[in-house]
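S.K.: I am sharing my_file_15.txt, which consists of compact mmCIF, C-alpha atoms:
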```
# COMPACT_ATOMS: atom_id res chain seq x y z
CA MET A 17 14.76 7.54 8.82
CA SER A 18 12.16 9.05 6.52
CA THR A 19 9.65 8.06 3.90
CA LEU A 20 8.84 9.40 0.45
CA HIS A 21 5.10 9.09 -0.13
CA THR A 22 3.74 9.12 -3.66
CA VAL A 23 0.09 9.85 -4.46
CA ASN A 24 -1.48 9.57 -7.92
CA LYS A 25 -5.21 10.23 -7.42
CA SER A 26 -7.08 13.55 -7.29
CA PRO A 27 -7.99 14.35 -3.68
CA PHE A 28 -11.47 15.37 -4.82
CA GLY A 29 -12.49 11.84 -5.76
CA ASP A 30 -10.32 9.64 -3.59
CA SER A 31 -9.17 9.56 0.04
CA ALA A 32 -5.55 8.58 -0.66
CA PHE A 33 -3.98 12.04 -0.37
CA ASN A 34 -5.95 12.84 2.78
CA SER A 35 -4.95 9.53 4.35
CA CYS A 36 -1.33 10.16 3.38
CA LEU A 37 -1.41 13.60 5.02
CA GLU A 38 -2.74 12.00 8.21
CA HIS A 39 -0.09 9.26 8.35
CA CYS A 40 3.11 10.98 7.23
CA LYS A 41 5.79 12.02 9.74
CA PRO A 42 7.91 15.15 10.11
CA GLY A 43 10.86 14.89 7.74
CA ASP A 44 8.93 12.84 5.19
CA GLY A 45 8.27 13.96 1.61
CA ILE A 46 5.05 13.73 -0.40
CA LEU A 47 5.31 13.70 -4.19
CA LEU A 48 2.09 14.34 -6.07
CA ILE A 49 2.03 12.67 -9.49
CA GLU A 50 -0.58 12.11 -12.23
CA ASP A 51 -4.05 13.30 -11.11
CA ALA A 52 -2.80 13.96 -7.56
CA VAL A 53 -1.23 17.20 -8.83
CA TYR A 54 -4.71 18.76 -8.49
CA GLY A 55 -4.09 18.51 -4.74
CA ALA A 56 -1.40 21.18 -5.07
CA VAL A 57 -3.67 23.89 -6.48
CA ALA A 58 -3.85 27.05 -4.36
CA GLY A 59 -7.24 27.95 -2.92
CA SER A 60 -8.85 24.51 -3.23
CA ALA A 61 -10.86 22.74 -0.52
CA VAL A 62 -7.78 20.72 0.45
CA ALA A 63 -5.21 23.53 0.25
CA ALA A 64 -5.41 24.52 3.92
CA LYS A 65 -4.65 20.97 5.02
CA VAL A 66 -1.70 20.78 2.61
CA GLU A 67 -0.35 24.14 3.83
CA ALA A 68 -0.67 22.99 7.44
CA ARG A 69 1.59 19.99 6.77
CA ALA A 70 4.02 21.81 4.51
CA GLY A 71 5.96 23.11 7.53
CA ASP A 72 7.45 19.77 8.53
CA VAL A 73 6.80 17.65 5.42
CA GLY A 74 8.24 18.46 1.97
CA ILE A 75 5.47 18.63 -0.64
CA TYR A 76 6.40 18.19 -4.30
CA VAL A 77 4.61 17.92 -7.63
CA LEU A 78 5.90 16.24 -10.73
CA ASP A 79 6.25 19.23 -12.99
CA GLY A 80 5.35 17.47 -16.24
CA ASP A 81 2.10 16.14 -14.78
CA ALA A 82 1.21 19.62 -13.46
CA LYS A 83 1.98 21.37 -16.74
CA ALA A 84 0.05 18.72 -18.70
CA ARG A 85 -3.00 19.74 -16.67
CA GLY A 86 -2.49 23.47 -17.16
CA LEU A 87 -1.10 24.00 -13.68
CA ALA A 88 1.72 26.51 -14.01
CA ALA A 89 3.78 27.14 -10.88
CA GLY A 90 1.79 30.33 -10.16
CA LYS A 91 -1.40 28.31 -9.63
CA LEU A 92 0.14 26.06 -6.99
CA ILE A 93 0.28 26.38 -3.22
CA LYS A 94 3.45 28.38 -2.67
CA GLN A 95 5.20 25.84 -0.40
CA VAL A 96 4.83 23.11 -3.06
CA LYS A 97 8.04 22.44 -4.98
CA PRO A 98 7.87 21.32 -8.62
CA VAL A 99 10.37 18.59 -9.55
CA GLY A 100 11.21 16.83 -12.81
CA TYR A 101 11.88 13.13 -13.28
CA ASP A 102 15.46 13.71 -12.14
CA GLY A 103 14.14 15.31 -8.96
CA PHE A 104 11.83 12.31 -8.48
CA VAL A 105 14.88 10.04 -8.56
CA ASP A 106 16.70 12.30 -6.08
CA LEU A 107 13.74 12.18 -3.70
CA VAL A 108 13.63 8.38 -3.82
CA ALA A 109 17.36 8.28 -3.07
CA GLU A 110 17.14 10.82 -0.23
CA HIS A 111 14.51 8.89 1.73
CA ASP A 112 14.85 5.48 3.35
CA ARG A 113 11.71 3.98 1.84
CA THR A 114 8.96 4.81 -0.62
CA GLN A 115 5.29 4.27 0.11
CA SER A 116 2.74 4.65 -2.67
CA TRP A 117 -0.82 5.55 -1.76
CA LEU A 118 -2.85 3.79 -4.44
CA MET B 23 21.34 -15.73 6.25
CA PRO B 24 20.95 -11.92 6.20
CA GLU B 25 18.74 -10.46 8.89
CA ALA B 26 15.02 -10.52 8.07
CA LYS B 27 13.66 -7.27 6.68
CA LYS B 28 10.48 -5.69 7.94
CA PHE B 29 7.78 -5.82 5.27
CA LEU B 30 4.46 -4.02 5.62
CA TYR B 31 1.55 -4.73 3.29
CA VAL B 32 -0.82 -1.75 3.32
CA ASN B 33 -4.45 -2.53 2.50
CA ARG B 34 -6.74 0.43 1.79
CA LYS B 35 -9.36 -1.04 -0.56
CA ALA B 36 -12.65 -2.88 0.03
CA PRO B 37 -12.58 -6.55 -0.96
CA TYR B 38 -14.68 -7.14 -4.11
CA GLY B 39 -15.01 -3.88 -6.09
CA THR B 40 -11.43 -4.10 -7.34
CA ILE B 41 -8.82 -6.86 -7.50
CA TYR B 42 -6.40 -5.10 -5.11
CA ALA B 43 -7.43 -6.90 -1.92
CA LEU B 44 -7.22 -10.39 -3.39
CA GLU B 45 -3.90 -9.58 -5.08
CA SER B 46 -2.50 -8.31 -1.80
CA LEU B 47 -3.41 -11.53 -0.02
CA GLU B 48 -1.84 -13.57 -2.84
CA VAL B 49 1.39 -11.60 -2.59
CA VAL B 50 1.44 -11.96 1.21
CA LEU B 51 1.11 -15.74 0.86
CA ILE B 52 3.85 -15.89 -1.78
CA GLY B 53 6.07 -13.56 0.25
CA ALA B 54 5.61 -15.70 3.35
CA ALA B 55 7.95 -18.26 1.81
CA PHE B 56 10.85 -15.79 2.15
CA GLU B 57 10.80 -15.75 5.96
CA GLN B 58 10.77 -11.98 6.39
CA ASP B 59 9.25 -10.03 9.29
CA VAL B 60 5.79 -9.45 7.81
CA SER B 61 2.99 -7.20 9.04
CA LEU B 62 -0.32 -6.29 7.42
CA ALA B 63 -2.01 -2.89 7.82
CA PHE B 64 -5.73 -2.36 7.25
CA LEU B 65 -6.94 1.22 7.02
CA ASP B 66 -9.52 3.28 5.15
CA ASP B 67 -11.77 0.91 3.12
CA GLY B 68 -9.22 -1.86 3.71
CA VAL B 69 -10.88 -2.60 7.07
CA PHE B 70 -13.85 -4.03 5.12
CA GLN B 71 -11.62 -6.94 4.05
CA LEU B 72 -11.75 -8.43 7.54
CA THR B 73 -15.48 -8.23 8.31
CA ARG B 74 -17.45 -11.33 9.35
CA ASP B 75 -20.19 -13.07 7.36
CA GLN B 76 -18.95 -12.34 3.83
CA ASN B 77 -20.89 -14.46 1.34
CA THR B 78 -20.08 -14.07 -2.36
CA ASP B 79 -22.40 -16.84 -3.66
CA GLU B 80 -24.44 -14.44 -5.77
CA ILE B 81 -21.66 -12.33 -7.28
CA GLY B 82 -19.61 -15.08 -8.87
CA VAL B 83 -16.27 -14.34 -7.25
CA LYS B 84 -14.30 -16.23 -4.64
CA ASN B 85 -14.91 -15.33 -1.01
CA PHE B 86 -11.30 -15.02 0.09
CA SER B 87 -12.01 -13.78 3.61
CA PRO B 88 -11.50 -17.24 5.24
CA THR B 89 -7.96 -17.22 3.82
CA PHE B 90 -6.95 -14.58 6.36
CA ARG B 91 -7.43 -17.23 9.05
CA ALA B 92 -4.75 -19.37 7.38
CA LEU B 93 -2.08 -16.67 7.61
CA GLY B 94 -0.97 -17.85 11.05
CA ASP B 95 0.18 -21.14 9.50
CA TYR B 96 2.54 -19.08 7.32
CA GLU B 97 3.86 -17.20 10.34
CA VAL B 98 2.02 -14.04 9.32
CA THR B 99 0.64 -13.10 12.72
CA LYS B 100 0.54 -9.28 12.85
CA LEU B 101 -2.58 -7.73 11.38
CA PHE B 102 -2.92 -4.08 12.39
CA VAL B 103 -6.37 -2.52 11.96
CA GLU B 104 -6.87 1.23 12.32
CA LYS B 105 -9.44 2.20 14.94
CA GLU B 106 -10.46 5.49 13.30
CA SER B 107 -11.06 3.76 9.96
CA LEU B 108 -13.39 1.28 11.69
CA GLU B 109 -15.27 4.02 13.53
CA GLU B 110 -15.70 6.18 10.41
CA ARG B 111 -17.41 3.20 8.77
CA GLY B 112 -19.69 2.36 11.70
CA LEU B 113 -17.70 -0.75 12.55
CA ALA B 114 -16.47 -2.10 15.87
CA PRO B 115 -13.72 -4.67 16.44
CA SER B 116 -16.49 -7.24 17.08
CA ASP B 117 -17.57 -6.84 13.43
CA LEU B 118 -14.26 -8.38 12.33
CA GLN B 119 -13.67 -12.11 12.05
CA GLU B 120 -11.52 -13.76 14.70
CA ILE B 121 -8.07 -14.53 13.38
CA MET B 122 -5.84 -16.57 15.69
CA TYR B 123 -2.39 -18.08 15.54
CA GLU B 124 -0.53 -20.60 17.66
CA ASP B 125 2.51 -19.05 19.32
CA GLU B 126 5.36 -21.53 19.00
CA ASP B 127 7.39 -19.58 21.57
CA ASP B 128 4.63 -19.86 24.17
CA ASP B 129 3.65 -23.55 24.21
CA TRP B 130 1.49 -23.11 21.07
CA GLU B 131 -0.97 -20.94 22.90
CA GLU B 132 -3.69 -19.49 20.67
CA LYS B 133 -3.40 -15.72 20.35
CA PRO B 134 -5.24 -13.12 18.29
CA SER B 135 -3.48 -11.87 15.15
CA ILE B 136 -5.61 -8.73 14.87
CA HIS B 137 -4.41 -5.67 16.78
CA ILE B 138 -6.53 -2.52 16.81
CA VAL B 139 -4.28 0.56 16.64
CA SER B 140 -4.87 4.29 16.53
CA ARG B 141 -4.10 6.41 13.46
CA SER B 142 -0.96 7.75 15.09
CA GLU B 143 0.17 4.24 16.05
CA MET B 144 -0.43 3.21 12.43
CA ALA B 145 1.79 6.07 11.30
CA ASP B 146 4.51 4.80 13.67
CA ILE B 147 4.18 1.26 12.30
CA MET B 148 4.52 2.55 8.72
CA ALA B 149 7.61 4.56 9.64
CA ASP B 150 9.26 1.51 11.22
CA GLN B 151 9.50 -0.65 8.05
CA ASP B 152 12.23 -1.53 5.59
CA VAL B 153 9.77 -2.11 2.76
CA VAL B 154 6.17 -0.92 2.31
CA LEU B 155 4.00 -2.57 -0.34
CA SER B 156 0.67 -0.89 -1.06
CA PHE B 157 -2.55 -2.38 -2.38
```
Is it possible to give me this structure as structure tokens?

M.R.:
Amino acid sequence: MSTLHTVNKSPFGDSAFNSCLEHCKPGDGILLIEDAVYGAVAGSAVAAKVEARAGDVGIYVLDGDAKARGLAAGKLIKQVKPVGYDGFVDLVAEHDRTQSWL
Amino acid sequence: MPEAKKFLYVNRKAPYGTIYALESLEVVLIGAAFEQDVSLAFLDDGVFQLTRDQNTDEIGVKNFSPTFRALGDYEVTKLFVEKESLEERGLAPSDLQEIMYEDEDDDWEEKPSIHIVSRSEMADIMADQDVVLSF
């Protein structure tokens, strides 16, 4: 049993992503959408915490939201996997439940 | 009837700055009619929803905090509050209002609905649900 977590707020102005990182379980996935994609940028103040969880939790960004904000794949933490809307649907289907961190 | 599903309502917002907290409580009350296995989680700023002595007279909005005490009558009797979230905000369990329910399986004995849990216990509770609704 696993959970797909979705986050849509920048981690620099909101605690949602941090709280998600502290409550998710091994085998879960975290999909960063909308302004949460800033949480996937390499070298930021939150990057170390993201990298530390990336071993047992899959971390994804919605590619369109990242590109819209000028975040090409080369600017992202290397363990973060970009997915399209089709990948979003696959992630929902692969996990047993979805929890959004508003 | 199909087996009841486990529903968790996750509350992470303070009560009056946004409409989330009130909307959550409304949905819980509506959902209670469907006889599912309901729990409520309070973490991050959501713990502020349960504090004592709320008085909204001067801000022109409804003080909905007493409504939490009615949840027991709708068989919503599991309110999990995260210990670390309380501590980070300078709160202790004694700062929360008392919310009781009458246990029909135990001669209607009055029992507390609020359970203080650690962050890792909260993670376990979240992982044990069929449906998670966030507010």

S.K.: Please list as a PyMOL selection string every residue within 12 Å of range 40-42 of chain B, counting all atoms listed in the file and excluding residues in the same chain fewer than 3 positions away.

M.R.: (chain A and resi 118) or (chain B and resi 31-37+45-49+67-68+71+83-84+86+155-157)

S.K.: How close does chain B get to chain A? List, as CSV, each residue of chain B within 8 Å, its nearest atom pair and the distance in Å to one decimal, counting all atoms listed in the file.

M.R.:
```
residue,atom,partner,partner_atom,distance
B:Asp66,CA,A:Ser35,CA,7.8
B:Arg141,CA,A:His39,CA,7.1
B:Ser142,CA,A:His39,CA,7.0
B:Met144,CA,A:His39,CA,7.3
B:Ala145,CA,A:His39,CA,4.7
B:Ala149,CA,A:Thr19,CA,7.0
B:Asp152,CA,A:Arg113,CA,6.7
B:Val153,CA,A:Arg113,CA,6.5
B:Val154,CA,A:Gln115,CA,5.7
B:Leu155,CA,A:Gln115,CA,7.0
B:Ser156,CA,A:Ser116,CA,6.1
B:Phe157,CA,A:Leu118,CA,6.5
```

S.K.: Can you pull out every residue within 9 Å of range 115-127 of chain B, counting all atoms listed in the file, but drop anything in the same chain fewer than 4 positions away, and send it as a PyMOL selection string?

M.R.: chain B and resi 69-75+87-88+90-95+97-99+101+103+105+108+131-136+138

S.K.: Show me, as a list in words, the residues that have an atom within 9 Å of range 93-105 of chain A when counting all atoms listed in the file, minus same-chain residues fewer than 6 positions from it.

M.R.: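 Residues near the query, excluding close chain neighbours: Leu47, Ala56, Val57, Ala58, Gly59, Ala63, Val66, Glu67, Ala70, Gly71, Gly74, Ile75, Tyr76, Val77, Leu78, Asp79, Gly80 and Ala82 of chain A.
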
S.K.: Would you export the selected residues with C-alpha atoms as a compact mmCIF listing (two decimals), in the frame of the given file, please?

M.R.:
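Output below, filename selection24.txt:
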```txt
# COMPACT_ATOMS: atom_id res chain seq x y z
CA LEU A 47 5.31 13.70 -4.19
CA ALA A 56 -1.40 21.18 -5.07
CA VAL A 57 -3.67 23.89 -6.48
CA ALA A 58 -3.85 27.05 -4.36
CA GLY A 59 -7.24 27.95 -2.92
CA ALA A 63 -5.21 23.53 0.25
CA VAL A 66 -1.70 20.78 2.61
CA GLU A 67 -0.35 24.14 3.83
CA ALA A 70 4.02 21.81 4.51
CA GLY A 71 5.96 23.11 7.53
CA GLY A 74 8.24 18.46 1.97
CA ILE A 75 5.47 18.63 -0.64
CA TYR A 76 6.40 18.19 -4.30
CA VAL A 77 4.61 17.92 -7.63
CA LEU A 78 5.90 16.24 -10.73
CA ASP A 79 6.25 19.23 -12.99
CA GLY A 80 5.35 17.47 -16.24
CA ALA A 82 1.21 19.62 -13.46
```

S.K.: Box for range 95-105 of chain A - axis-aligned, 8 Å on each of the six sides, all listed atoms - centre and size in Å to one decimal, as JSON.

M.R.:
```
{"center_x": 10.1, "center_y": 17.9, "center_z": -6.8, "size_x": 26.6, "size_y": 31.8, "size_z": 28.9}
```

S.K.: Hey, which of A:Asp72, A:Leu48, A:Gly90, A:Pro42 ends up closest to Thr22 in chain A? Count only C-alpha atoms.

M.R.: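 Looking only at the distances to Thr22 in chain A, the closest residue turns out to be A:Leu48.
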
S.K.: Ranking A:Val108, A:Gly86, A:Leu37, A:Lys25 by minimum distance to Asp51 in chain A and counting all atoms listed in the file, which one comes first?

M.R.: A:Lys25

S.K.: Report the distance between CA of Leu87 in chain A and CA of Lys65 in chain A in Å, rounded to one decimal place.

M.R.: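 If I compute the distance from CA of Leu87 in chain A to CA of Lys65 in chain A, I get 19.3 Å.
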
S.K.: Would you please work out which residue, of B:Trp130, B:Phe56, B:Tyr38, B:Phe29, is nearest to Gln76 in chain B when using only C-alpha atoms?

M.R.: B:Tyr38
